[in-house]
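Asks: Below are the structure tokens for one structure; questions will follow.
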Amino acid sequence: MTEIHLKNVRKSYGDVEVIHGIDLQVHSGEFCVFVGPSGCGKSTLLRIIAGLEDITSGDIEIDGTVVNHKGAADRGLAMVFQSYALYPHMTVYKNMAFGLENSKMPKAEIDDRVRKAAELLQITDYLNRRPKALSGGQRQRVAIGRAIVRDPKAFLFDEPLSNLDAELRVTMRKELSALHANIGGTMIYVTHDQVEAMTLADKIVVLQKGVVEQVGPPLELYNKPCNAFVAGFIGSPRMNMFQGIAVRDENGLALNVGGALVAIPDVPALQDGDKVTLGVRPEHIAVHADHSGELSASVSVTEQLGGETYLYCDAPGLPQITVHQGGQLPFQRGQALSLSFDRARMHIFDADGKAVANGLST
Amino acid sequence: MAHADDKATGIGDVLQNVVAWPIRILFKLIDYPVTAIQNVIGIRRMPWLFLLPNLAFFGMFVIIPLFMNFAYSLTGGTELFISERPYTGGEQYGFLFDCDNYADPISCREDRFWKGIFNTAVFIFFQVSFMVLFSLITALVLNREIRGRGFWRAVFFFPVLLSPVVVALIWKWILLRDGILNAFLISIGLDRILFFVSPEWAMFWAVFVSIWAHMGFYTLILLAGLQAIQPDLYEAAEMDGTSKERVFFRITLPLLWPNMLVVIVLALIKGVQVFDEVYVLTGGGPGTATQFIVQYIYNTAFTNQVQNFGLASAASMVLGVVLFVLTLTQLAATRRRDND
């Protein structure tokens, strides 16, 4: 079991700093997911931990030992690459055994480890095949197997499912989750897919432009995003964001959104006239066929998925509003309706994008 | 603004029509005979029609000379026209291969032929071995993140662009009795070396100049092979704690091997065909120390006092068979590389 601790880690390429002083602790046995848009530095951070990239300043500790100057091989970590990085001229068996042969491990032990890992990953039948004779999912398993046989201190995954088709990705996601439960090692996983992050992680690290925006369990990030970026990034479809002006009167606090007044949780810090962003998740919007809602709108696009319905609605002066409802809603394109927001689950962000209220908690 | 756009479009249209009009007419003109031919021979035979010009050239300059060469190899005498030459069957081949001991050229009736083969074998052994080795080392160095990488790549490739005669002349001027190299040797207090008088030195420089002139081409093939190896594989090996030697022998070399095979076979083919550079550089001398098989054929047919076209043709056929086998090997190697 291994703890990984990053202390004020910075990384620059020439004059350009890409990682801006990251502090992070990954606990023993934790499945930690780095998530963020392309170019946010998540893969760079993973490669820094792996020892494939040097850091400009700061410390990386593995189990309390600073490993800044240790090479990738000496950190005792194993990495699964996005491209699988399997040696094409070697059989699956040789691919898995290659790293162990480097350490001059006895052949019998190598054989034992490879066969156990192959059994765990259900690739025993393919041990004599070359990677090109395997499907994408099988290659991914071999890449994971190559990591497992080394019995590493921690596993590092660099977008391992991004080359798989949607169906296989769901299957592999479940298998990875089961694998973590089975072998219980510390795992750090990089993805730009927030669904992968939500379903796999014990802890999610949201990164943007080389900075950690928020760290926490998936539902904490979902329910209590610390800023508008995290709120927008976590959750699919994205949270609806409405910019408006706070209006405080005898009835409490409201937000002038495109001319309509929407009651929002009373945040004492907000004054009349403050610029505010209101965030409402698609599933926290109620739809009314009449005008009883707070906001009048019309249906632009309807997506009926059978068990659930997505409505994309247009309202004057506002960005398109996404609504998610369970079941089958009988709305047609162009149909007028009204919307009301679940006040208890509204997110309020100040002019800098910082959350001042998540639901009724401020 | 919209008016200006309209005007531009108008001019564009006019220009397009001016350019397109003659092309359209040309296609119309071609269309009629092509349609007529297609009606006669059928659409499935049409590809042959388009291949015909190239096939005609190939036939005229390769296939017909090949058969003529074979026919000449079955004749004797000194007459130029085959109709005037007496048929001798396999006599020329028998003459070429009449040896007491094949390892000793002097024991053969046509010792110059065997000396040419022996010299070519020595040349190929050293030239191909060192060429592949130096090309590999150069490709490995140029594949690294070195300062001025583009410049160095160009430096190694430039000699390939030079004519073989120019290459040979440059080096001849350097290596002559009063050449730059001897001037340098004298300036540092050493004795002058008569490079073209010593058989060993002549062979050395023949090999050296050939490597210098062609190495860039093979380096380029190997460099392309190196760059096709996924960088992730090296990172995976690094994570696995693989030593540099093991990375080279277990990852780089096996993945580069298909390219290496192509390079080796191509270098062998070029080595067997060596002529112009060495002919200009050493003239085959001293004596016959650097006279290779192609020069033997050339001398036998054209420069000897008695021009023996039959014997030269027979030697050409032998060389042709060797090249054919090597080319088949090269094709097999390329196919294997593409499959990998």
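All residue names refer to the structure tokens as shown: chains lettered A, B, ... in order, residues numbered from 1 in each chain, ligands numbered from 1 in order.
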Please identify the helix (DSSP H, G or I) residues within segment 130-339 of chain B (assignment by DSSP from backbone atoms) and present them as an NGL selection string.
Replies: :B and (130-142 or 149-161 or 164-175 or 180-187 or 199-227 or 231-239 or 244-272 or 276-281 or 293-303 or 309-339)
Asks: Extract, using only C-alpha atoms, all DNA, RNA and protein residues at most 6 Å from Phe155 of chain A, discarding same-chain residues fewer than 4 positions from it, and format them as number ranges by chain.
Replies: A: 78-79, 187
Asks: Where does chain A meet chain B within 9 Å, residue by residue, with the nearest atom pair and distance in Å to one decimal for each, counting only C-alpha atoms, listed by chain and rising number, as JSON lines?
Replies:
```
{"residue": "A:Ala50", "atom": "CA", "partner": "B:Met239", "partner_atom": "CA", "distance": 7.7}
{"residue": "A:Gly51", "atom": "CA", "partner": "B:Met239", "partner_atom": "CA", "distance": 8.2}
{"residue": "A:Leu52", "atom": "CA", "partner": "B:Glu235", "partner_atom": "CA", "distance": 7.2}
{"residue": "A:Gly71", "atom": "CA", "partner": "B:Glu238", "partner_atom": "CA", "distance": 8.4}
{"residue": "A:Ala72", "atom": "CA", "partner": "B:Met239", "partner_atom": "CA", "distance": 5.2}
{"residue": "A:Ala73", "atom": "CA", "partner": "B:Gly241", "partner_atom": "CA", "distance": 4.4}
{"residue": "A:Asp74", "atom": "CA", "partner": "B:Gly241", "partner_atom": "CA", "distance": 7.4}
{"residue": "A:Arg75", "atom": "CA", "partner": "B:Met239", "partner_atom": "CA", "distance": 8.7}
{"residue": "A:Gly76", "atom": "CA", "partner": "B:Met239", "partner_atom": "CA", "distance": 8.4}
{"residue": "A:Leu77", "atom": "CA", "partner": "B:Met239", "partner_atom": "CA", "distance": 7.4}
{"residue": "A:Ala78", "atom": "CA", "partner": "B:Met239", "partner_atom": "CA", "distance": 6.5}
{"residue": "A:Met79", "atom": "CA", "partner": "B:Met239", "partner_atom": "CA", "distance": 7.2}
{"residue": "A:Val80", "atom": "CA", "partner": "B:Ala236", "partner_atom": "CA", "distance": 8.3}
{"residue": "A:Phe81", "atom": "CA", "partner": "B:Asp232", "partner_atom": "CA", "distance": 7.3}
{"residue": "A:Gln82", "atom": "CA", "partner": "B:Asp232", "partner_atom": "CA", "distance": 8.9}
{"residue": "A:Ser83", "atom": "CA", "partner": "B:Asp232", "partner_atom": "CA", "distance": 7.4}
{"residue": "A:Tyr84", "atom": "CA", "partner": "B:Asp232", "partner_atom": "CA", "distance": 8.2}
{"residue": "A:Ala85", "atom": "CA", "partner": "B:Leu233", "partner_atom": "CA", "distance": 5.0}
{"residue": "A:Leu86", "atom": "CA", "partner": "B:Leu233", "partner_atom": "CA", "distance": 6.8}
{"residue": "A:Tyr87", "atom": "CA", "partner": "B:Leu233", "partner_atom": "CA", "distance": 6.6}
{"residue": "A:Pro88", "atom": "CA", "partner": "B:Leu255", "partner_atom": "CA", "distance": 8.0}
{"residue": "A:His89", "atom": "CA", "partner": "B:Leu255", "partner_atom": "CA", "distance": 6.9}
{"residue": "A:Phe98", "atom": "CA", "partner": "B:Asp240", "partner_atom": "CA", "distance": 7.8}
{"residue": "A:Gly99", "atom": "CA", "partner": "B:Asp240", "partner_atom": "CA", "distance": 4.6}
{"residue": "A:Leu100", "atom": "CA", "partner": "B:Asp240", "partner_atom": "CA", "distance": 7.7}
{"residue": "A:Asn102", "atom": "CA", "partner": "B:Thr242", "partner_atom": "CA", "distance": 5.8}
{"residue": "A:Ser103", "atom": "CA", "partner": "B:Gly241", "partner_atom": "CA", "distance": 7.7}
{"residue": "A:Arg150", "atom": "CA", "partner": "B:Asp240", "partner_atom": "CA", "distance": 8.4}
```
Asks: DSSP says strand (DSSP E or B) for which residues of segment 6-183 of chain B? Put them as a list in words?
Replies: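 Secondary structure check on segment 6-183 of chain B, strand (DSSP E or B): Thr75, Tyr87, Cys99 and Cys108 of chain B.
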Asks: What does the distance between atom CA of Ile110 of chain A and atom CA of Val26 of chain A come to in Å, to one decimal place?
Replies: 29.7 Å
Asks: Please provide as a list in words all residues within 12 Å of Leu331 of chain B, with the sequence filter that same-chain residues fewer than 3 positions apart are discarded (counting only C-alpha atoms).
Replies: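 The neighbour list is Pro258, Leu261, Val262, Val263, Val265, Leu266, Phe324, Val325, Leu326, Thr327, Leu328, Thr334, Arg335, Arg336, Arg337 and Asp338 of chain B.
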Asks: Convert the current residue selection to file output with all heavy atoms, as a compact mmCIF listing (two decimals), in the first residue's frame.
Replies:
```
# COMPACT_ATOMS: atom_id res chain seq x y z
N PRO B 258 13.16 -5.23 -40.14
CA PRO B 258 12.65 -5.25 -41.52
C PRO B 258 13.31 -4.17 -42.37
O PRO B 258 13.66 -4.42 -43.53
CB PRO B 258 11.15 -4.98 -41.35
CG PRO B 258 10.84 -5.43 -39.97
CD PRO B 258 12.06 -5.14 -39.16
N LEU B 261 16.87 -5.19 -43.14
CA LEU B 261 16.94 -6.21 -44.18
C LEU B 261 16.85 -5.56 -45.56
O LEU B 261 17.61 -5.91 -46.48
CB LEU B 261 15.78 -7.20 -43.98
CG LEU B 261 15.99 -8.60 -44.51
CD1 LEU B 261 17.23 -9.23 -43.89
CD2 LEU B 261 14.77 -9.46 -44.22
N VAL B 262 15.95 -4.59 -45.69
CA VAL B 262 15.82 -3.87 -46.96
C VAL B 262 17.14 -3.17 -47.28
O VAL B 262 17.64 -3.22 -48.41
CB VAL B 262 14.66 -2.85 -46.88
CG1 VAL B 262 14.67 -1.93 -48.08
CG2 VAL B 262 13.33 -3.57 -46.78
N VAL B 263 17.71 -2.51 -46.26
CA VAL B 263 18.98 -1.79 -46.46
C VAL B 263 20.09 -2.76 -46.89
O VAL B 263 20.84 -2.48 -47.82
CB VAL B 263 19.36 -1.04 -45.16
CG1 VAL B 263 20.82 -0.65 -45.16
CG2 VAL B 263 18.50 0.19 -44.99
N VAL B 265 19.89 -5.73 -48.34
CA VAL B 265 19.71 -6.29 -49.69
C VAL B 265 19.93 -5.21 -50.75
O VAL B 265 20.58 -5.46 -51.77
CB VAL B 265 18.32 -6.95 -49.82
CG1 VAL B 265 18.14 -7.52 -51.21
CG2 VAL B 265 18.16 -8.05 -48.79
N LEU B 266 19.41 -4.00 -50.50
CA LEU B 266 19.63 -2.91 -51.46
C LEU B 266 21.12 -2.61 -51.60
O LEU B 266 21.63 -2.40 -52.70
CB LEU B 266 18.89 -1.64 -51.02
CG LEU B 266 17.40 -1.57 -51.35
CD1 LEU B 266 16.82 -0.26 -50.81
CD2 LEU B 266 17.15 -1.66 -52.84
N PHE B 324 18.94 -10.94 -59.90
CA PHE B 324 17.55 -11.40 -59.85
C PHE B 324 17.25 -12.04 -58.49
O PHE B 324 16.23 -11.75 -57.86
CB PHE B 324 17.31 -12.40 -60.98
CG PHE B 324 15.89 -12.87 -61.07
CD1 PHE B 324 14.87 -12.00 -61.43
CD2 PHE B 324 15.55 -14.19 -60.79
CE1 PHE B 324 13.55 -12.42 -61.51
CE2 PHE B 324 14.24 -14.63 -60.86
CZ PHE B 324 13.24 -13.74 -61.22
N VAL B 325 18.17 -12.89 -58.04
CA VAL B 325 17.99 -13.55 -56.74
C VAL B 325 17.96 -12.51 -55.62
O VAL B 325 17.10 -12.54 -54.73
CB VAL B 325 19.12 -14.59 -56.49
CG1 VAL B 325 19.06 -15.12 -55.07
CG2 VAL B 325 19.01 -15.73 -57.49
N LEU B 326 18.89 -11.54 -55.70
CA LEU B 326 18.94 -10.49 -54.67
C LEU B 326 17.67 -9.65 -54.69
O LEU B 326 17.15 -9.26 -53.63
CB LEU B 326 20.16 -9.59 -54.88
CG LEU B 326 21.51 -10.22 -54.52
CD1 LEU B 326 22.65 -9.30 -54.92
CD2 LEU B 326 21.58 -10.50 -53.01
N THR B 327 17.16 -9.35 -55.88
CA THR B 327 15.95 -8.55 -55.98
C THR B 327 14.75 -9.29 -55.39
O THR B 327 13.92 -8.69 -54.70
CB THR B 327 15.66 -8.18 -57.46
OG1 THR B 327 16.83 -7.57 -57.98
CG2 THR B 327 14.50 -7.24 -57.59
N LEU B 328 14.68 -10.60 -55.66
CA LEU B 328 13.60 -11.39 -55.06
C LEU B 328 13.68 -11.33 -53.54
O LEU B 328 12.67 -11.20 -52.85
CB LEU B 328 13.68 -12.85 -55.53
CG LEU B 328 13.24 -13.13 -56.96
CD1 LEU B 328 13.31 -14.63 -57.24
CD2 LEU B 328 11.81 -12.63 -57.20
N THR B 334 10.77 -6.54 -48.23
CA THR B 334 9.85 -5.40 -48.20
C THR B 334 8.45 -5.86 -47.82
O THR B 334 7.75 -5.22 -47.04
CB THR B 334 9.80 -4.73 -49.59
OG1 THR B 334 11.13 -4.52 -50.03
CG2 THR B 334 9.06 -3.41 -49.55
N ARG B 335 8.05 -7.01 -48.38
CA ARG B 335 6.72 -7.54 -48.09
C ARG B 335 6.60 -7.85 -46.59
O ARG B 335 5.60 -7.56 -45.96
CB ARG B 335 6.48 -8.80 -48.93
CG ARG B 335 5.02 -9.07 -49.13
CD ARG B 335 4.80 -10.04 -50.27
NE ARG B 335 5.16 -9.48 -51.55
CZ ARG B 335 5.57 -10.21 -52.60
NH1 ARG B 335 5.69 -11.51 -52.49
NH2 ARG B 335 5.86 -9.62 -53.73
N ARG B 336 7.67 -8.41 -46.06
CA ARG B 336 7.66 -8.77 -44.64
C ARG B 336 7.55 -7.50 -43.78
O ARG B 336 6.81 -7.45 -42.81
CB ARG B 336 8.95 -9.52 -44.31
CG ARG B 336 8.88 -10.21 -42.97
CD ARG B 336 10.13 -11.00 -42.72
NE ARG B 336 10.54 -10.78 -41.36
CZ ARG B 336 11.67 -11.24 -40.86
NH1 ARG B 336 12.49 -11.92 -41.60
NH2 ARG B 336 11.99 -11.02 -39.62
N ARG B 337 8.31 -6.46 -44.20
CA ARG B 337 8.26 -5.20 -43.45
C ARG B 337 6.85 -4.62 -43.49
O ARG B 337 6.31 -4.19 -42.48
CB ARG B 337 9.24 -4.19 -44.08
CG ARG B 337 9.29 -2.87 -43.34
CD ARG B 337 10.14 -1.86 -44.05
NE ARG B 337 9.62 -1.54 -45.37
CZ ARG B 337 10.14 -0.63 -46.18
NH1 ARG B 337 11.20 0.03 -45.81
NH2 ARG B 337 9.63 -0.39 -47.36
N ASP B 338 6.22 -4.63 -44.68
CA ASP B 338 4.87 -4.06 -44.80
C ASP B 338 3.87 -4.86 -43.98
O ASP B 338 2.93 -4.31 -43.41
CB ASP B 338 4.44 -4.02 -46.27
CG ASP B 338 5.30 -3.04 -47.05
OD1 ASP B 338 6.00 -2.23 -46.40
OD2 ASP B 338 5.31 -3.09 -48.29
```
Asks: Nearest residue to Ile170 of chain B out of B:Val280, B:Ala154, B:Ile269, B:Thr138, using only C-alpha atoms?
Replies: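 For Ile170 of chain B, the nearest of the given residues is B:Val280.
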Asks: Could you give me, as number ranges by chain, the residues within 9 Å of Leu140 of chain B, counting only C-alpha atoms and dropping anything in the same chain fewer than 6 positions from it?
Replies: B: 219, 222-223, 226
Asks: Within 8 Å of segment 206-220 of chain A, counting only C-alpha atoms, which residues show up once you throw out same-chain ones fewer than 3 positions away? Write them as JSON, numbers by chain, please.
Replies: {"A": [18, 19, 20, 21, 22, 34, 35, 36, 37, 39, 40, 41, 42, 197, 198, 201, 202, 203, 223, 224, 225, 226, 227, 229, 230]}
Asks: Could you dump the residues just selected with C-alpha atoms as a PDB file, in the first residue's frame?
Replies:
```
ATOM      1  CA  VAL A  18       2.480  24.316 -17.277  1.00  0.00           C
ATOM      2  CA  ILE A  19       2.047  22.973 -13.744  1.00  0.00           C
ATOM      3  CA  HIS A  20       1.609  25.751 -11.207  1.00  0.00           C
ATOM      4  CA  GLY A  21       2.481  24.555  -7.729  1.00  0.00           C
ATOM      5  CA  ILE A  22       0.297  21.516  -7.147  1.00  0.00           C
ATOM      6  CA  PHE A  34      -7.199  13.327 -12.650  1.00  0.00           C
ATOM      7  CA  VAL A  35      -9.785  14.923 -14.866  1.00  0.00           C
ATOM      8  CA  GLY A  36      -9.846  18.094 -16.900  1.00  0.00           C
ATOM      9  CA  PRO A  37     -10.076  19.419 -20.432  1.00  0.00           C
ATOM     10  CA  GLY A  39      -4.149  20.718 -22.175  1.00  0.00           C
ATOM     11  CA  CYS A  40      -4.988  21.092 -18.472  1.00  0.00           C
ATOM     12  CA  GLY A  41      -1.786  19.257 -17.448  1.00  0.00           C
ATOM     13  CA  LYS A  42      -3.303  16.010 -16.174  1.00  0.00           C
ATOM     14  CA  ALA A 197     -14.051   9.919 -13.409  1.00  0.00           C
ATOM     15  CA  MET A 198     -17.408   9.768 -11.634  1.00  0.00           C
ATOM     16  CA  ALA A 201     -12.903   7.361  -8.601  1.00  0.00           C
ATOM     17  CA  ASP A 202     -12.681   7.359  -4.852  1.00  0.00           C
ATOM     18  CA  LYS A 203     -11.266  10.826  -5.279  1.00  0.00           C
ATOM     19  CA  ASN A 223     -23.110  18.396  -5.252  1.00  0.00           C
ATOM     20  CA  LYS A 224     -20.727  21.032  -3.996  1.00  0.00           C
ATOM     21  CA  PRO A 225     -18.513  22.302  -6.792  1.00  0.00           C
ATOM     22  CA  CYS A 226     -16.213  25.005  -5.481  1.00  0.00           C
ATOM     23  CA  ASN A 227     -16.418  27.083  -8.629  1.00  0.00           C
ATOM     24  CA  PHE A 229     -15.515  25.543 -13.843  1.00  0.00           C
ATOM     25  CA  VAL A 230     -15.881  22.420 -11.708  1.00  0.00           C
TER      26      VAL A 230
END
```
Asks: Atom CA of Met215 of chain B to atom CA of Gln127 of chain B: how many Å, to one decimal?
Replies: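 Interatomic distance here is 10.1 Å.
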